[in-house]
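Here's the structure, in structure tokens; my notes come after.
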4 protein chains.
Amino acid sequence: MTDSWRGYGKKTLGVALIGSGFMGTVHTRAYKALPLTFPDAVLPDVRVVADATDELAQSAARRWEIPAWTSDWHSLLDDDSIDIIDICAPPNLHREIGLAAAAAGKHVYCEKPLGVNTGETADLREAVHQHQVASFVGFNYRWAPATIFAQKLIAEGKIGAVRNFRGAFNSDWAAAADVPWAWRFARNIAGHGALGDVGSHVFDMARFLVGEISDVVGYTRQVVFERPLVGANGEITTTREVDNDDEWAALVRFEGGATGLLEGSRVATGSKTRFAFEVTGSIGSLRWDFERMNELEVYLPQQDGALDGFTRVLMGNPHPFQGVFVPQAGIGIGFLETKVLEIKAFLEGISAGEAAAPTFDDGLAVAQLLDRVVASNPTQ
Amino acid sequence: MTDSWRGYGKKTLGVALIGSGFMGTVHTRAYKALPLTFPDAVLPDVRVVADATDELAQSAARRWEIPAWTSDWHSLLDDDSIDIIDICAPPNLHREIGLAAAAAGKHVYCEKPLGVNTGETADLREAVHQHQVASFVGFNYRWAPATIFAQKLIAEGKIGAVRNFRGAFNSDWAAAADVPWAWRFARNIAGHGALGDVGSHVFDMARFLVGEISDVVGYTRQVVFERPLVGANGEITTTREVDNDDEWAALVRFEGGATGLLEGSRVATGSKTRFAFEVTGSIGSLRWDFERMNELEVYLPQQDGALDGFTRVLMGNPHPFQGVFVPQAGIGIGFLETKVLEIKAFLEGISAGEAAAPTFDDGLAVAQLLDRVVASNPTQ
Amino acid sequence: MTDSWRGYGKKTLGVALIGSGFMGTVHTRAYKALPLTFPDAVLPDVRVVADATDELAQSAARRWEIPAWTSDWHSLLDDDSIDIIDICAPPNLHREIGLAAAAAGKHVYCEKPLGVNTGETADLREAVHQHQVASFVGFNYRWAPATIFAQKLIAEGKIGAVRNFRGAFNSDWAAAADVPWAWRFARNIAGHGALGDVGSHVFDMARFLVGEISDVVGYTRQVVFERPLVGANGEITTTREVDNDDEWAALVRFEGGATGLLEGSRVATGSKTRFAFEVTGSIGSLRWDFERMNELEVYLPQQDGALDGFTRVLMGNPHPFQGVFVPQAGIGIGFLETKVLEIKAFLEGISAGEAAAPTFDDGLAVAQLLDRVVASNPTQ
Amino acid sequence: MTDSWRGYGKKTLGVALIGSGFMGTVHTRAYKALPLTFPDAVLPDVRVVADATDELAQSAARRWEIPAWTSDWHSLLDDDSIDIIDICAPPNLHREIGLAAAAAGKHVYCEKPLGVNTGETADLREAVHQHQVASFVGFNYRWAPATIFAQKLIAEGKIGAVRNFRGAFNSDWAAAADVPWAWRFARNIAGHGALGDVGSHVFDMARFLVGEISDVVGYTRQVVFERPLVGANGEITTTREVDNDDEWAALVRFEGGATGLLEGSRVATGSKTRFAFEVTGSIGSLRWDFERMNELEVYLPQQDGALDGFTRVLMGNPHPFQGVFVPQAGIGIGFLETKVLEIKAFLEGISAGEAAAPTFDDGLAVAQLLDRVVASNPTQ
């Protein structure tokens, strides 16, 4: 990129945050934590927060000590102090905001799913390419130190040629049929169900660790078909239809020749946030489980075969970034720190003039893979 | 069954063992252990051992204290003291021996795979039906106390309606490309590769725990295409082609509506005998791993949701059969004991006049499912 | 407490931070995170940071966005906007600062060890009592949600009468004899070695969960007697004596009748930050390991004895505070969040007029117990 | 030893088994399994079984296919075909039988505890020395392949100088106060309580892995003081006093300089047969838990420090004896196989003219250490 790239070479980048819900909170916590842990990094200057109403926006600005607020996100586009539009609004607003932001020459940071459907996602990707701005998707699980370390081991050939990838993201927040209806259960708002919600992370991780996927066959399945609707008074008097998937699985083949089994669920009774992968190579293998995110299990042959086995490696100073947060292996970091590292990478990419992955290209690639799962559905 | 059923009501059944290799040893150890652990059970009387040569047969008879031996297994068919033909011979002999045994009115106990291909397996199943003898397949993993207990919990509805079955049998005995060629790598001797060897166990477990499978889509894959051939002098001067699969996976749907992901490998670097399943139900879930066969992980909702989680249950006196082998939970049993329980079930079934599962019907059902994996191969 | 108590009823309390090293960073991160996670809590207003030199103090103020700085901590005592002196200075300064702070009517928050020896610690405790200010020790492991939950289960009698407490804090940061000499290896600076460093946490946890300890017998041991001394130029030309313990263990009896085994080490090869406890009661038991701080293993009898076992409970919304940080069980928090909860408790106590534990009373009780370990040393 | 040693150079040794209770069953199963797994080993010829009554002895002989039986164990002493007296009788008979057996020139194999008290144990040890016969104690946990492998790694210096040994044997079979009274609760029959029952194994393991113990301080404690007495009719109308310990712990120092923490309990709610050790060395460390007896966790530094961690090694062909029982790592063996290996070692020692450990010397050393735990009781 050239000097015409917004923010090129700057050490501080102006940010406008759109959306003050849970993900807005998380982003804000990460923005605040970044200078405290990486004082020499490219840093954010969160200048304004936007939300649907004055009340919401003002409240967030006050609570989060953000100097300005607005209920009209369009007003952010003309503000030259803003380099980045950070979209934490609901998915059905992503396209509109993202297209406007890109057109205004702002870099765009967006939580997944990018669009409600792949058409919207393609529009977003097209826009950032057309206007030559950086784009970034909140696939935060990539940013656990153990995950980054796993990617490094694979890229360095430590486990040999990858033979197989197993990725699963199972949770049970919707396992009970009496979990009330919410927007995630509506195709026209959320798009896919578990496939979009957790599947996007699994496919992103597969691509991050192993590479492009050439073949996909899989299924989606719905287990619960209607859910209680909580009325304005908090009472439940009726039910509402659920019209997206609760569970999915796919067999894939990577361009490099490896095979893969991917799966996910929001109705997997007993699983909480069990996002786990296993990468099997010709020489070694790796296993990780987000529920124990500070550990990576590594199998590499020992000189003495009697000592072969999976080694439980606790992230610490020898591993990517961990030592910045905590002084010693065995002291854990959590979800928040993945967001700090995510934002750090995005800001550094912008300052360096080179968009960091995962970009909207990655977001679109994942969206297309999810659609191929649905399209195949061989067992239905 | 009526009184005409061979061995009906008897407390001791005559057994002829064919094959004195590793599985023959295992069966013999189990036959000897049975009366010591279950003195009141229907017991075996192993009268004769057969093998390909006089030397092999005689050696086995001597070592195992079996009173007679033969190198002509046909001679066993006319011996009325023999109720059961136990086939531990190589797979390519199963069909011939099994058909002759059934025709002679003997009950047939056979290690898997029943036939080299599904046609042979169908012949075997046809024969035992025609001659109304009991048949039994050595799917021993069914017989771990934790597995039996899992099946019981599912059958009693404790985990609700089964939603999903995950079964994997991964090992790495053939992971290195320099593992020498052996009969298991030849389709004309062994049939399928990993699909037959470990896949048959995974499909059997799926059927045992969850029920009949209606839909299958999957793949098989070969990773290593030739292997060193060890010559008569122990030297390696050439290689020989491998022509069956190293790895497979399948998505299935059960008749009851549950979905399933099944997989297996002989080249899964780092996995030893990792035969694991996870059964997810609408109320609870179960997890088991053969590498820790004395444990079952059980998720059932607690009265206080703050106490929900998977409970590591150590098999002990409250669980099927465990207390017969060891006095207390936390004291483990091993592979051998699964064979003791397997044989016990077979003998009791014969004495009761009702063939115990898994019969050759189950063996054929599994063989047909394996073929359907190959037939689908959607990603190839 | 009465209205004369500094900060009584206030929603924001003024803080002066002394020390900008690692613990200073951690405290600052926690102060910043508190309003973002608990917007309605009593909140800190960090007004000034002090360190030994202008350069250090100014740098910290700039990096951490603290409005003022000083290299003269005495100047903080007269500032009426400051309610709390937060001591993150080296241990050998704790007594002087703490006494002055208490005398100035400031509440005192101090990292452990309070004093270099028990005499100093007693002086500190005496001072806060005399001046009727709140005191607080940084025993942060108490504040993991799983630990708080464990304490609650015990206090509610869920596991019955406590029979035994097992606590161990093993790490290996000093396991290699070539780890360079540092202040922690000097008795006149650090006081005890592993006994003070990790032992104080183990004894604090024992008292927190089970109660007062009446009897102690134990040992301390030194394994490495001299270590390389890194010169000003970074070269190692000589060694320096180590004169405090590397490892310790103790058998204790609690006033309530339970027994305990406590141990700790800085030379436990392979252990990283393995702070683990097991509390055995007459009805149930609990197990926790800081390396997996988001999990608590709970054993409580089930209605069906066949389902008895330890349940791995993942902290989530039903547990103390976890749901404030992350939306769902299985999503982890880390070390930082223990500090956020620690500070929250301290501030709330002050505002409520009731000093929250652990106070300097607890700090002194622990120091005295550590001395009793040394005094007994039965096997030496 | 010279040719005058009974059984010297023989490939088969005559055995008389005294006691047909649970341990008698276990020994018999092991005697039967030995030739099937180690056909070329020195083998047992179990010629006769003795028990208190004709009925018991005859029944055992019939069930176990032992050719002769007797209710008068004295009659065995004159039978020259018997080389070994195997004592599975209750502890209070050990001394009398053992002394007579030694005096008759028989080798003596005895379950632990050898004597009801240390005086009896000393008598037994004295007798086998005086009559120059081999002695052997049933400390079977030594014989798990993972344990043997651990001992080998330590002896070869792989983990460097041993710094610390942690051994615990916790179970909860007596945790509930309503567990009925039985002989194990009576000091005059069983001797020590948990200290003798499980403590002897912990001290044996400590000596086996690390060496002689020079210093001991510890405690024993009783938690339940009376238990229901089950009358002849199966009803409970009264209680009976318990007068031995439920729980114990000790701090020790080994002659080689290492420290140790040992503990055990029969009232540790939730622990089943949790016999676990951890050996920490200057270079590496080992962890084992009998509940997962086919695994050893090994920490040895890797070339790349980022790969350091505990490796879960599954016992298999590279490890002691495992490959004889099962064909591949990940396939487990159980309790029974420890007894097979125990007996194998004893028989081989006799044939070789060199008594294998653990002998009665080891049994006495352990008994004396247990007494020292009681004698110290510092916290009482």
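Residues are referred to by chain and number: the chain letter is A, B, ... according to the order shown in the structure tokens, the number counts from 1 in that chain, and ligands are numbered separately from 1 in the order shown.
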Closest contacts (chain C/chain B, max 10 Å, only C-alpha atoms) as JSON lines:
```
{"residue": "C:Phe149", "atom": "CA", "partner": "B:Ala306", "partner_atom": "CA", "distance": 9.3}
{"residue": "C:Glu295", "atom": "CA", "partner": "B:Gly309", "partner_atom": "CA", "distance": 9.8}
{"residue": "C:Leu296", "atom": "CA", "partner": "B:Leu307", "partner_atom": "CA", "distance": 9.3}
{"residue": "C:Glu297", "atom": "CA", "partner": "B:Thr311", "partner_atom": "CA", "distance": 8.8}
{"residue": "C:Val298", "atom": "CA", "partner": "B:Leu307", "partner_atom": "CA", "distance": 7.5}
{"residue": "C:Tyr299", "atom": "CA", "partner": "B:Thr311", "partner_atom": "CA", "distance": 8.6}
{"residue": "C:Leu300", "atom": "CA", "partner": "B:Leu307", "partner_atom": "CA", "distance": 9.3}
{"residue": "C:Gln302", "atom": "CA", "partner": "B:Gln302", "partner_atom": "CA", "distance": 8.8}
{"residue": "C:Asp304", "atom": "CA", "partner": "B:Pro318", "partner_atom": "CA", "distance": 9.2}
{"residue": "C:Gly305", "atom": "CA", "partner": "B:Pro318", "partner_atom": "CA", "distance": 7.0}
{"residue": "C:Ala306", "atom": "CA", "partner": "B:Pro318", "partner_atom": "CA", "distance": 5.2}
{"residue": "C:Leu307", "atom": "CA", "partner": "B:Val313", "partner_atom": "CA", "distance": 6.1}
{"residue": "C:Asp308", "atom": "CA", "partner": "B:Val313", "partner_atom": "CA", "distance": 6.1}
{"residue": "C:Gly309", "atom": "CA", "partner": "B:Val313", "partner_atom": "CA", "distance": 4.8}
{"residue": "C:Phe310", "atom": "CA", "partner": "B:Thr311", "partner_atom": "CA", "distance": 5.3}
{"residue": "C:Thr311", "atom": "CA", "partner": "B:Thr311", "partner_atom": "CA", "distance": 3.9}
{"residue": "C:Arg312", "atom": "CA", "partner": "B:Gly309", "partner_atom": "CA", "distance": 5.3}
{"residue": "C:Val313", "atom": "CA", "partner": "B:Gly309", "partner_atom": "CA", "distance": 4.8}
{"residue": "C:Leu314", "atom": "CA", "partner": "B:Gly309", "partner_atom": "CA", "distance": 6.9}
{"residue": "C:Met315", "atom": "CA", "partner": "B:Ala306", "partner_atom": "CA", "distance": 8.2}
{"residue": "C:Gly316", "atom": "CA", "partner": "B:Ala306", "partner_atom": "CA", "distance": 8.2}
{"residue": "C:Asn317", "atom": "CA", "partner": "B:Ala306", "partner_atom": "CA", "distance": 8.3}
{"residue": "C:Pro318", "atom": "CA", "partner": "B:Ala306", "partner_atom": "CA", "distance": 5.2}
{"residue": "C:His319", "atom": "CA", "partner": "B:Ala306", "partner_atom": "CA", "distance": 6.4}
{"residue": "C:Pro320", "atom": "CA", "partner": "B:Ala306", "partner_atom": "CA", "distance": 9.9}
```
Checklist line | Residue contacts of region 236-239 of chain C (10 Å, only C-alpha atoms) excluding same-chain residues fewer than 6 positions away, as a VMD selection string | finding: chain C and resid 178 180 to 181 225 to 230
Check: Counting only C-alpha atoms, what is within 9 Å of Ala150 (chain A), bar same-chain residues fewer than 5 positions away, as a PyMOL selection string?
Finding: chain A and resi 145+155+209+286-288+296+298
Margin query: At a cut-off of 10 Å, using only C-alpha atoms, what residues contact Ala102 (chain C)? Leave out same-chain residues fewer than 2 positions from it and give the result as a VMD selection string.
Written below: chain C and resid 77 84 to 85 97 to 100 104 to 108 124 to 135
Please dump the current selection as a compact mmCIF listing (two decimals), in the first residue's frame; keep N, CA, C and O atoms.
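Saved the output as selection_37.txt:
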```
# COMPACT_ATOMS: atom_id res chain seq x y z
N LEU C 77 0.24 11.42 51.09
CA LEU C 77 -0.45 11.24 52.37
C LEU C 77 -1.34 12.42 52.72
O LEU C 77 -2.35 12.27 53.41
N ILE C 84 -7.22 5.52 49.21
CA ILE C 84 -6.54 4.22 49.27
C ILE C 84 -5.10 4.37 48.81
O ILE C 84 -4.83 4.96 47.76
N ILE C 85 -4.18 3.81 49.61
CA ILE C 85 -2.80 3.67 49.15
C ILE C 85 -2.62 2.21 48.71
O ILE C 85 -2.83 1.29 49.51
N ILE C 97 5.85 2.29 54.12
CA ILE C 97 4.74 2.94 53.41
C ILE C 97 3.42 2.67 54.11
O ILE C 97 2.60 3.57 54.31
N GLY C 98 3.23 1.42 54.49
CA GLY C 98 1.97 1.03 55.11
C GLY C 98 1.71 1.77 56.41
O GLY C 98 0.59 2.23 56.67
N LEU C 99 2.74 1.88 57.23
CA LEU C 99 2.56 2.57 58.50
C LEU C 99 2.22 4.05 58.29
O LEU C 99 1.32 4.59 58.95
N ALA C 100 2.93 4.64 57.34
CA ALA C 100 2.66 6.06 57.07
C ALA C 100 1.25 6.24 56.50
O ALA C 100 0.53 7.19 56.87
N ALA C 104 -1.88 8.25 58.18
CA ALA C 104 -2.53 9.34 57.46
C ALA C 104 -4.02 9.08 57.24
O ALA C 104 -4.70 9.85 56.56
N GLY C 105 -4.50 7.96 57.76
CA GLY C 105 -5.93 7.66 57.65
C GLY C 105 -6.34 7.08 56.32
O GLY C 105 -7.52 7.03 55.98
N LYS C 106 -5.34 6.61 55.56
CA LYS C 106 -5.66 5.99 54.28
C LYS C 106 -5.90 4.50 54.47
O LYS C 106 -5.23 3.85 55.27
N HIS C 107 -6.79 3.96 53.68
CA HIS C 107 -6.95 2.52 53.63
C HIS C 107 -5.76 1.95 52.87
O HIS C 107 -5.25 2.59 51.94
N VAL C 108 -5.33 0.76 53.27
CA VAL C 108 -4.08 0.23 52.73
C VAL C 108 -4.30 -1.11 52.01
O VAL C 108 -4.84 -2.05 52.61
N LEU C 124 2.44 -3.78 60.65
CA LEU C 124 1.46 -3.30 59.69
C LEU C 124 0.04 -3.53 60.19
O LEU C 124 -0.83 -2.65 60.10
N ARG C 125 -0.16 -4.74 60.69
CA ARG C 125 -1.50 -5.05 61.20
C ARG C 125 -1.86 -4.15 62.38
O ARG C 125 -2.98 -3.65 62.49
N GLU C 126 -0.90 -3.94 63.24
CA GLU C 126 -1.12 -3.08 64.39
C GLU C 126 -1.52 -1.67 63.94
O GLU C 126 -2.45 -1.05 64.47
N ALA C 127 -0.83 -1.19 62.94
CA ALA C 127 -1.07 0.19 62.46
C ALA C 127 -2.48 0.37 61.92
O ALA C 127 -3.16 1.36 62.22
N VAL C 128 -2.93 -0.58 61.13
CA VAL C 128 -4.28 -0.39 60.56
C VAL C 128 -5.36 -0.52 61.62
O VAL C 128 -6.41 0.13 61.54
N HIS C 129 -5.09 -1.34 62.63
CA HIS C 129 -6.05 -1.42 63.74
C HIS C 129 -6.06 -0.11 64.52
O HIS C 129 -7.12 0.43 64.84
N GLN C 130 -4.86 0.37 64.80
CA GLN C 130 -4.75 1.59 65.60
C GLN C 130 -5.45 2.76 64.93
O GLN C 130 -6.17 3.53 65.57
N HIS C 131 -5.25 2.86 63.63
CA HIS C 131 -5.79 4.01 62.92
C HIS C 131 -7.15 3.74 62.29
O HIS C 131 -7.68 4.57 61.56
N GLN C 132 -7.64 2.54 62.56
CA GLN C 132 -8.99 2.18 62.10
C GLN C 132 -9.19 2.43 60.61
O GLN C 132 -10.13 3.10 60.18
N VAL C 133 -8.26 1.92 59.85
CA VAL C 133 -8.42 1.97 58.39
C VAL C 133 -8.54 0.53 57.88
O VAL C 133 -8.14 -0.42 58.56
N ALA C 134 -9.10 0.40 56.70
CA ALA C 134 -9.23 -0.92 56.10
C ALA C 134 -7.88 -1.37 55.56
O ALA C 134 -7.07 -0.57 55.10
N SER C 135 -7.65 -2.66 55.62
CA SER C 135 -6.43 -3.23 55.05
C SER C 135 -6.82 -4.41 54.18
O SER C 135 -7.88 -5.00 54.36
```
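Take the candidates C:Asn244, C:Thr28, C:Asn164, C:Gln222 and check each one against Ala206 (chain C) using only C-alpha atoms; the shortest distance goes to C:Asn164.
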